[in-house]
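> See coords.txt below, with compact mmCIF, C-alpha atoms.
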# COMPACT_ATOMS: atom_id res chain seq x y z
CA MET A 41 85.31 99.89 102.90
CA ALA A 42 82.54 100.24 100.36
CA VAL A 43 81.41 103.80 99.72
CA PRO A 44 79.24 105.79 99.85
CA VAL A 45 78.75 105.20 103.55
CA ARG A 46 77.29 107.23 106.41
CA VAL A 47 79.69 108.16 109.17
CA HIS A 48 77.78 106.27 111.86
CA ALA A 49 77.69 103.16 109.65
CA MET A 50 81.43 103.43 109.04
CA LEU A 51 82.08 103.60 112.78
CA GLU A 52 79.83 100.62 113.38
CA ARG A 53 81.67 98.57 110.77
CA LEU A 54 84.99 99.52 112.35
CA GLY A 55 83.69 98.56 115.80
CA ILE A 56 84.14 102.10 117.12
CA ASN A 57 81.67 103.52 119.63
CA ARG A 58 80.33 106.78 118.23
CA GLU A 59 80.27 108.26 121.74
CA SER A 60 84.05 107.94 122.00
CA VAL A 61 85.17 109.79 118.86
CA LEU A 62 84.78 112.85 116.69
CA VAL A 63 84.92 112.49 112.93
CA ILE A 64 86.67 115.24 111.02
CA VAL A 65 86.61 115.34 107.22
CA GLY A 66 89.28 117.63 105.90
CA ASP A 67 88.99 120.47 108.41
CA THR A 68 85.29 120.01 109.06
CA LEU A 69 83.66 118.31 112.00
CA VAL A 70 80.83 116.13 110.70
CA THR A 71 77.79 114.48 112.22
CA GLY A 72 76.90 110.81 112.17
CA ASP A 73 74.65 111.08 109.16
CA ALA A 74 77.29 112.72 106.98
CA LEU A 75 77.93 110.78 103.77
CA LEU A 76 81.45 109.67 102.86
CA SER A 77 82.17 108.93 99.22
CA ASP A 78 85.07 108.23 96.88
CA ASP A 79 86.02 111.86 96.61
CA THR A 80 85.76 112.62 100.34
CA ALA A 81 88.83 114.37 101.74
CA ALA A 82 90.93 112.70 104.41
CA VAL A 83 88.85 111.37 107.29
CA GLU A 84 90.18 111.67 110.82
CA ILE A 85 88.58 109.58 113.54
CA ARG A 86 89.72 111.39 116.68
CA PRO A 87 89.38 109.66 120.03
CA VAL A 88 87.99 111.93 122.71
CA ILE A 89 88.21 109.74 125.78
CA SER A 90 90.98 110.79 128.12
CA GLY A 91 92.18 108.26 130.62
CA GLY A 92 91.86 110.37 133.70
CA CYS A 93 93.33 108.80 136.73
CA ASP A 94 92.30 105.94 138.96
CA SER A 95 93.04 108.06 141.98
CA GLU A 96 90.38 110.54 140.89
CA ARG A 97 87.88 108.45 142.80
CA ARG A 98 89.31 110.10 145.87
CA GLY A 99 88.06 113.53 144.89
CA ASP A 100 88.83 116.18 147.47
CA PRO A 101 92.41 116.65 148.74
CA GLY A 102 91.45 115.65 152.21
CA GLY A 103 94.92 114.62 153.14
CA ALA A 104 94.09 110.96 152.77
CA PRO A 105 97.04 108.77 151.77
CA MET B 974 78.46 119.98 112.53
CA ILE B 975 77.92 118.19 115.82
CA GLU B 976 75.09 116.20 117.29
CA VAL B 977 74.59 115.84 121.03
CA ARG B 978 72.33 112.81 121.29
CA ARG B 979 71.44 113.16 124.94
CA HIS B 980 70.01 116.59 124.13
CA ASN B 981 68.36 115.17 120.99
CA ALA B 982 69.93 118.07 119.14
CA GLY B 983 72.26 118.93 116.29
CA PHE B 984 74.15 122.20 116.22
CA CYS B 985 75.86 124.46 113.75
CA GLN B 986 79.17 125.92 114.86
CA PRO B 987 78.03 129.19 116.46
CA CYS B 988 75.06 127.55 118.16
CA PHE B 989 77.23 124.76 119.53
CA LEU B 990 79.75 127.17 121.00
CA LYS B 991 76.89 129.09 122.61
CA HIS B 992 75.46 125.79 123.91
CA CYS B 993 78.79 125.03 125.60
CA ARG B 994 79.02 128.47 127.20
CA ASP B 995 75.41 128.12 128.37
CA GLN B 996 76.10 124.71 129.94
CA VAL B 997 79.07 126.10 131.86
CA SER B 998 77.11 129.18 132.95
CA ARG B 999 74.29 126.97 134.12
CA ALA B 1000 76.67 124.78 136.14
CA ILE B 1001 78.32 127.80 137.75
CA GLU B 1002 74.95 129.26 138.69
CA GLU B 1003 73.21 126.05 139.72
CA PHE B 1004 76.02 124.90 141.99
CA GLU B 1005 77.02 128.41 143.12
CA MET B 1006 80.61 127.84 142.06
CA PHE B 1007 81.94 131.38 141.98
CA GLY B 1008 81.06 134.94 141.05
CA PRO B 1009 82.50 137.67 138.82
CA ASP B 1010 84.57 139.09 141.67
CA ASP B 1011 86.25 135.78 142.52
CA ARG B 1012 89.79 135.05 141.35
CA VAL B 1013 89.77 131.67 139.64
CA LEU B 1014 92.76 129.42 139.06
CA VAL B 1015 92.17 126.89 136.29
CA ALA B 1016 94.29 123.75 136.38
CA VAL B 1017 95.51 123.40 132.80
CA SER B 1018 97.05 120.25 131.37
CA GLY B 1019 97.22 121.19 127.69
CA GLY B 1020 94.33 118.81 127.07
CA LYS B 1021 90.92 119.49 125.57
CA ASP B 1022 88.95 119.80 128.79
CA SER B 1023 91.12 122.28 130.65
CA LEU B 1024 91.74 124.45 127.60
CA ALA B 1025 88.04 124.46 126.71
CA LEU B 1026 87.22 125.42 130.28
CA TRP B 1027 89.75 128.22 130.36
CA ASP B 1028 88.50 129.54 127.03
CA ILE B 1029 84.85 129.47 128.06
CA LEU B 1030 85.49 131.13 131.42
CA LEU B 1031 87.50 133.90 129.76
CA ASP B 1032 84.72 134.42 127.22
CA LEU B 1033 82.18 134.61 130.05
CA GLY B 1034 84.23 137.42 131.58
CA TYR B 1035 85.62 135.76 134.69
CA GLN B 1036 89.01 136.58 136.24
CA VAL B 1037 90.86 133.39 135.34
CA ASP B 1038 94.55 132.50 135.47
CA GLY B 1039 95.97 129.15 134.43
CA LEU B 1040 98.17 126.74 136.37
CA TYR B 1041 100.26 124.15 134.54
CA LEU B 1042 102.08 121.40 136.40
CA GLY B 1043 105.11 119.85 134.72
CA LEU B 1044 104.98 116.18 135.69
CA GLY B 1045 108.23 115.06 134.10
CA ILE B 1046 106.57 112.39 131.96
CA GLY B 1047 108.99 112.56 129.06
CA GLU B 1048 107.79 113.85 125.70
CA TYR B 1049 104.19 113.87 126.87
CA SER B 1050 104.91 116.57 129.44
CA GLY B 1051 106.94 118.52 126.90
CA SER B 1052 104.05 118.53 124.43
CA SER B 1053 101.34 119.25 126.96
CA GLY B 1054 103.26 122.20 128.34
CA THR B 1055 103.68 123.61 124.87
CA TYR B 1056 99.94 123.47 124.20
CA ALA B 1057 99.23 125.17 127.52
CA ARG B 1058 101.68 127.97 126.80
CA GLN B 1059 100.46 128.43 123.25
CA TYR B 1060 96.90 128.85 124.46
CA ALA B 1061 97.94 131.29 127.21
CA ALA B 1062 99.84 133.36 124.67
CA ARG B 1063 96.90 133.33 122.28
CA ARG B 1064 94.57 134.74 124.93
CA CYS B 1065 97.24 136.86 126.70
CA ALA B 1066 96.21 135.06 129.87
CA PRO B 1067 98.52 134.58 132.88
CA LEU B 1068 99.89 131.06 133.20
CA ILE B 1069 101.60 129.92 136.38
CA GLU B 1070 103.96 126.99 135.88
CA VAL B 1071 105.17 124.58 138.54
CA ASP B 1072 107.71 122.03 137.36
CA ILE B 1073 107.77 119.08 139.74
CA PRO B 1074 111.19 117.71 138.66
CA SER B 1075 113.04 120.99 139.05
CA GLU B 1076 111.18 122.25 142.12
CA PHE B 1077 110.81 119.02 144.04
CA GLY B 1078 113.56 116.81 142.69
CA PHE B 1079 111.53 113.97 141.14
CA ASP B 1080 109.33 113.16 138.20
CA ILE B 1081 106.08 111.21 138.41
CA PRO B 1082 107.42 107.87 137.09
CA THR B 1083 110.40 107.99 139.47
CA GLY B 1084 108.29 109.16 142.37
CA ALA B 1085 105.78 106.41 141.81
CA ARG B 1086 108.49 103.74 141.86
CA ALA B 1087 110.18 105.17 144.95
CA ALA B 1088 106.93 105.40 146.87
CA LYS B 1089 105.72 102.02 145.57
CA ARG B 1090 102.60 103.63 144.13
CA VAL B 1091 101.10 103.24 140.67
CA PRO B 1092 101.94 106.32 138.56
CA CYS B 1093 98.33 107.55 138.51
CA SER B 1094 98.31 107.58 142.31
CA ALA B 1095 101.53 109.59 142.59
CA CYS B 1096 100.32 111.93 139.86
CA GLY B 1097 96.89 112.42 141.39
CA LEU B 1098 98.09 113.21 144.88
CA SER B 1099 100.77 115.56 143.54
CA LYS B 1100 98.26 117.43 141.40
CA ARG B 1101 95.68 117.74 144.15
CA HIS B 1102 98.29 119.02 146.59
CA LEU B 1103 99.88 121.49 144.20
CA PHE B 1104 96.58 122.79 142.76
CA ASN B 1105 95.46 123.62 146.26
CA GLN B 1106 98.82 124.98 147.41
CA SER B 1107 99.13 127.22 144.36
CA ALA B 1108 95.66 128.61 144.89
CA VAL B 1109 96.30 129.29 148.57
CA ASP B 1110 99.74 130.81 147.93
CA GLY B 1111 98.44 132.98 145.09
CA GLY B 1112 95.41 134.25 146.95
CA TYR B 1113 92.92 132.65 144.56
CA ASP B 1114 89.37 132.13 145.73
CA VAL B 1115 88.70 129.02 143.65
CA VAL B 1116 90.49 126.18 141.87
CA ALA B 1117 88.62 125.05 138.76
CA THR B 1118 89.42 121.72 137.15
CA GLY B 1119 88.40 120.38 133.76
CA HIS B 1120 86.50 117.34 135.02
CA ASN B 1121 83.59 116.72 132.67
CA LEU B 1122 80.42 114.67 132.82
CA ASP B 1123 82.14 111.55 131.53
CA ASP B 1124 84.87 111.84 134.17
CA GLU B 1125 82.39 112.26 136.98
CA ALA B 1126 80.16 109.44 135.78
CA ALA B 1127 83.16 107.09 135.54
CA VAL B 1128 84.43 108.00 139.00
CA LEU B 1129 80.93 107.51 140.39
CA PHE B 1130 80.62 104.18 138.62
CA GLY B 1131 83.91 102.96 140.08
CA ASN B 1132 83.04 104.10 143.59
CA VAL B 1133 79.59 102.51 143.42
CA LEU B 1134 81.01 99.18 142.21
CA ARG B 1135 83.06 99.08 145.41
CA TRP B 1136 80.70 101.09 147.63
CA GLU B 1137 83.50 103.46 148.56
CA THR B 1138 81.25 105.53 150.79
CA ALA B 1139 83.91 108.02 151.89
CA TYR B 1140 84.78 108.80 148.29
CA LEU B 1141 81.11 109.06 147.38
CA GLY B 1142 80.82 111.68 150.09
CA ARG B 1143 83.54 113.74 148.50
CA GLN B 1144 82.22 113.61 144.94
CA ALA B 1145 80.50 116.89 144.14
CA PRO B 1146 80.75 119.71 141.60
CA VAL B 1147 81.80 122.03 144.42
CA LEU B 1148 84.00 121.27 147.39
CA PRO B 1149 83.76 124.20 149.77
CA ALA B 1150 86.72 126.11 151.12
CA ALA B 1151 88.01 125.04 154.52
CA PRO B 1152 91.09 125.91 156.61
CA GLY B 1153 94.01 125.22 154.28
CA PHE B 1154 91.76 124.39 151.33
CA ALA B 1155 90.66 126.60 148.48
CA ARG B 1156 87.16 126.02 147.09
CA LYS B 1157 87.33 123.47 144.28
CA VAL B 1158 84.87 123.48 141.40
CA LYS B 1159 84.14 121.54 138.21
CA PRO B 1160 82.34 123.86 135.79
CA LEU B 1161 82.34 121.31 132.94
CA VAL B 1162 80.12 118.75 134.71
CA ARG B 1163 77.26 119.43 132.31
CA MET B 1164 79.43 118.68 129.27
CA GLY B 1165 80.58 115.33 127.93
CA GLU B 1166 84.07 114.63 126.61
CA ARG B 1167 82.87 114.57 123.05
CA GLU B 1168 81.48 118.07 123.52
CA THR B 1169 84.68 119.51 125.02
CA ALA B 1170 86.69 117.99 122.19
CA ALA B 1171 84.26 119.40 119.64
CA TYR B 1172 84.44 122.79 121.36
CA CYS B 1173 88.21 122.85 120.88
CA VAL B 1174 88.02 121.72 117.26
CA LEU B 1175 85.37 124.29 116.37
CA SER B 1176 87.15 127.06 118.30
CA GLY B 1177 90.50 126.32 116.69
CA ILE B 1178 92.13 125.43 120.03
CA ASP B 1179 95.06 123.05 119.61
CA TYR B 1180 95.34 120.50 122.39
CA ILE B 1181 97.26 117.35 123.12
CA VAL B 1182 95.31 114.44 121.65
CA GLU B 1183 97.69 111.69 122.73
CA GLU B 1184 96.85 109.97 125.96
CA CYS B 1185 99.22 110.12 128.91
CA PRO B 1186 101.42 107.02 128.54
CA MET B 1187 101.03 106.36 132.28
CA ALA B 1188 97.24 106.03 131.97
CA VAL B 1189 97.12 103.21 129.45
CA GLY B 1190 94.99 100.33 130.66
CA ASN B 1191 93.79 101.93 133.87
CA LYS B 1192 90.41 101.07 135.32
CA HIS B 1193 89.05 104.57 134.72
CA LEU B 1194 89.25 104.03 130.95
CA GLY B 1195 87.47 100.73 131.35
CA TYR B 1196 84.64 102.36 133.27
CA LYS B 1197 84.28 105.03 130.59
CA ASP B 1198 84.13 102.37 127.91
CA ALA B 1199 81.45 100.47 129.81
CA LEU B 1200 79.36 103.60 130.31
CA ASN B 1201 79.69 104.55 126.65
CA GLN B 1202 78.44 101.12 125.64
CA ILE B 1203 75.29 101.91 127.59
CA GLU B 1204 75.13 105.52 126.37
CA VAL B 1205 75.19 104.60 122.69
CA GLN B 1206 72.12 102.41 123.25
CA SER B 1207 70.42 104.83 125.64
CA PRO B 1208 71.55 108.45 125.23
CA GLY B 1209 71.38 110.44 128.43
CA THR B 1210 72.25 107.57 130.75
CA LYS B 1211 75.51 109.09 132.00
CA ALA B 1212 73.84 112.40 132.81
CA ALA B 1213 70.94 110.70 134.55
CA PHE B 1214 73.31 108.50 136.56
CA TYR B 1215 75.45 111.39 137.76
CA PHE B 1216 72.85 114.09 138.35
CA SER B 1217 70.42 111.71 140.02
CA PHE B 1218 73.25 110.72 142.35
CA LEU B 1219 73.77 114.38 143.24
CA ASP B 1220 70.06 114.95 143.81
CA ARG B 1221 69.07 111.82 145.67
CA VAL B 1222 72.09 109.94 146.99
CA SER B 1223 75.00 112.30 147.64
CA PRO B 1224 73.37 113.84 150.74
CA LEU B 1225 73.43 110.40 152.36
CA PHE B 1226 77.23 110.30 152.21
CA THR B 1227 78.43 113.86 152.74
CA GLY B 1228 78.45 113.41 156.51
CA ILE B 1229 81.22 110.82 156.19
CA ALA B 1230 83.37 113.29 154.25
CA GLU B 1231 82.67 116.02 156.80
CA GLU B 1232 83.83 113.79 159.61
CA GLU B 1233 87.11 113.21 157.77
CA ARG B 1234 87.66 116.92 157.30
CA GLN B 1235 87.15 117.56 161.01
CA GLY B 1236 90.17 115.40 161.84
CA LEU B 1237 92.70 117.28 159.68
CA GLN B 1238 95.73 119.14 161.01
CA PRO B 1239 98.55 121.11 159.32
CA CYS B 1240 101.36 119.05 157.81
CA ALA B 1241 104.61 119.44 159.75
CA GLY B 1242 106.43 120.06 156.48
CA CYS B 1243 104.29 122.25 154.24
CA GLY B 1244 101.28 123.15 156.40
CA SER B 1245 98.71 121.52 154.14
CA PRO B 1246 95.79 119.83 155.89
CA THR B 1247 96.42 116.16 156.57
CA THR B 1248 95.24 113.35 158.78
CA GLY B 1249 98.73 112.50 160.03
CA GLU B 1250 101.87 114.43 161.01
CA TRP B 1251 103.08 114.62 157.40
CA CYS B 1252 100.94 114.95 154.29
CA ALA B 1253 101.04 112.38 151.51
CA PHE B 1254 102.82 114.79 149.16
CA CYS B 1255 105.66 115.54 151.58
CA LYS B 1256 106.09 111.81 152.15
CA LEU B 1257 106.19 111.23 148.39
CA VAL B 1258 108.77 113.98 147.90
CA ALA B 1259 110.96 112.58 150.66
CA LYS B 1260 110.86 109.04 149.29
CA ALA B 1261 111.34 110.12 145.67
CA SER B 1262 114.09 112.68 146.17
CA GLY B 1263 115.89 111.06 149.05
CA ALA B 1264 115.59 114.27 151.05
CA PRO B 1265 114.48 114.11 154.69
CA LEU B 1266 110.80 114.68 155.43
CA GLY B 1267 110.02 118.37 155.06
CA GLY B 1268 113.45 119.04 153.54
CA ALA B 1269 112.50 119.23 149.84
CA ALA B 1270 108.82 120.26 149.88
CA GLY B 1271 108.06 123.79 150.92
CA GLY B 1272 104.88 125.64 151.55
CA THR B 1273 105.11 127.73 148.39
CA THR B 1274 104.97 126.78 144.79
CA GLY B 1275 107.14 129.51 143.30
CA ALA B 1276 107.28 129.59 139.47
CA GLY B 1277 106.91 132.61 137.27
CA VAL B 1278 103.85 133.91 135.56
CA ALA B 1279 103.91 133.99 131.78
CA PRO B 1280 101.89 136.86 130.34
Starting from the file, lay out its structure as structure tokens.

Amino acid sequence: MAVPVRVHAMLERLGINRESVLVIVGDTLVTGDALLSDDTAAVEIRPVISGGCDSERRGDPGGAP
Amino acid sequence: MIEVRRHNAGFCQPCFLKHCRDQVSRAIEEFEMFGPDDRVLVAVSGGKDSLALWDILLDLGYQVDGLYLGLGIGEYSGSSGTYARQYAARRCAPLIEVDIPSEFGFDIPTGARAAKRVPCSACGLSKRHLFNQSAVDGGYDVVATGHNLDDEAAVLFGNVLRWETAYLGRQAPVLPAAPGFARKVKPLVRMGERETAAYCVLSGIDYIVEECPMAVGNKHLGYKDALNQIEVQSPGTKAAFYFSFLDRVSPLFTGIAEEERQGLQPCAGCGSPTTGEWCAFCKLVAKASGAPLGGAAGGTTGAGVAP
């Protein structure tokens, strides 16, 4: 990927929804307008969406099967 | 450090952590979840939401113990348990552990196959039963779960797509106590998943990032993806969807849920409230372990408390 690039642009090019990830550069959490360049430390794109459970729609333990 | 687009705000680390604590405080107060004298049991999975919740509640000064359920899902359960214990040790907070395989004779994958349920169904009913049972057995006033805004919006979305009116009646940040039921609360409903993850990163809380292998491809993930497609174009949509439901629509369905609760009776095996003679958990245990109904599941959840 061509650099320098903004984080949100990078995610867009990778087809990643910015609402579904955190971007961590080195040990630092960065915002969407952070600039990534040639000498940027390792970039982690961490997914934040947990799958939950289909049965969660049931909510309360009402004893339903 | 972190932008929260639906609030049209960017935060530095200390301000973001304060923002998170404020959102939880506001949810507790607005929905009258619990008070400083209540004993709270937080259901902890080793994931970002439950650990963030536990951390915030401890920082806010509440009396909070953790409950970890070992589900027997291979390496995933091993890792998640480790993260839960590490956090408890870090905060010197009591952690109750209930290991389903050793205490009830089955793991979730096996139980699901034996009962001809999908794994998420067996897991969900086991967790709901054991969260409640542990709270009742331990004399806790409240069970708190780490359900966040994204979770609630996705559940609502799924229930609306199918007009599951009974489930819509049960979806609320607080489910009141009833005979055999502890009060159940969701203090993270004002926070999105991205915020709880950021909270953990910025607080130095290690959590299990890998997804449960049983959850891959489930509909819930699909609903979250769909809602996030809308959210990225129109920040604030998930919050508006969920909180407008609570304000304007939920009251129309709560009567259906109340009617269901009126028809409950104690399970012949464990005493938990159920619509039939035996509760769904006791039936699952019997099918999965091969024990007779009521033979393997008891009314107590045992397990030691780790300091």
> What gap, in Å, lies between CA of Pro1149 in chain B and CA of Ala1108 in chain B?
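Here the two named atoms are 13.6 Å from each other.
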> Rank nothing, just name the residue among B:Ile1069, B:Ala1264, B:Met974, B:Ser1018 nearest to chain A, using all atoms listed in the file.
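Among the listed residues, B:Met974 lies closest to chain A.
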> I want to know what sits within 6 Å of range 72-86 of chain A, based on only C-alpha atoms, with residues of the same chain fewer than 2 positions away left out; could you give that as a list in words?
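Near neighbours after the sequence-gap exclusion: Val43, Pro44, Val45, Arg46, Val47, His48, Val61, Leu62, Val63, Ile64, Val65 and Gly66 of chain A.
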> Separation of CA of Arg1101 in chain B and CA of Pro1067 in chain B, in Å?
20.5 Å
> Select, counting all atoms listed in the file, all protein, DNA and RNA residues no farther than 10 Å from (79.2, 100.7, 120.3) in file coordinates, and express the selection as a ChimeraX atom specification.
/A:51-52,54-60 /B:1198-1199,1201-1206
> At what distance in Å, to one decimal, does CA of Gly91 in chain A lie from CA of Asp1123 in chain B?
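Separation between CA of Asp1123 in chain B and CA of Gly91 in chain A: 10.6 Å.
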> For Ile89 in chain A, which residue out of B:Leu1024, B:Leu1030, B:Val1158, B:Leu1200 is the nearest one, using all atoms listed in the file?
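Checking each of B:Leu1024, B:Leu1030, B:Val1158, B:Leu1200 against Ile89 in chain A, counting all atoms listed in the file, the winner is B:Leu1200.
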> Please identify all polymer residues lying at most 6 Å from the point (94.4, 129.9, 135.9) (file coordinates), using all atoms listed in the file, and present the result as a PyMOL selection string.
chain B and resi 1014-1015+1037-1040
> Show which residues sit within 12 Å of Arg1086 in chain B, as a list in words. Count all atoms listed in the file, and ignore same-chain residues fewer than 3 positions away.
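Returned residues: Phe1079, Asp1080, Ile1081, Pro1082, Thr1083, Lys1089, Arg1090, Val1091, Pro1092, Cys1093, Ser1094, Ala1095, Cys1096, Leu1257, Val1258, Lys1260, Ala1261 and Ser1262 of chain B.
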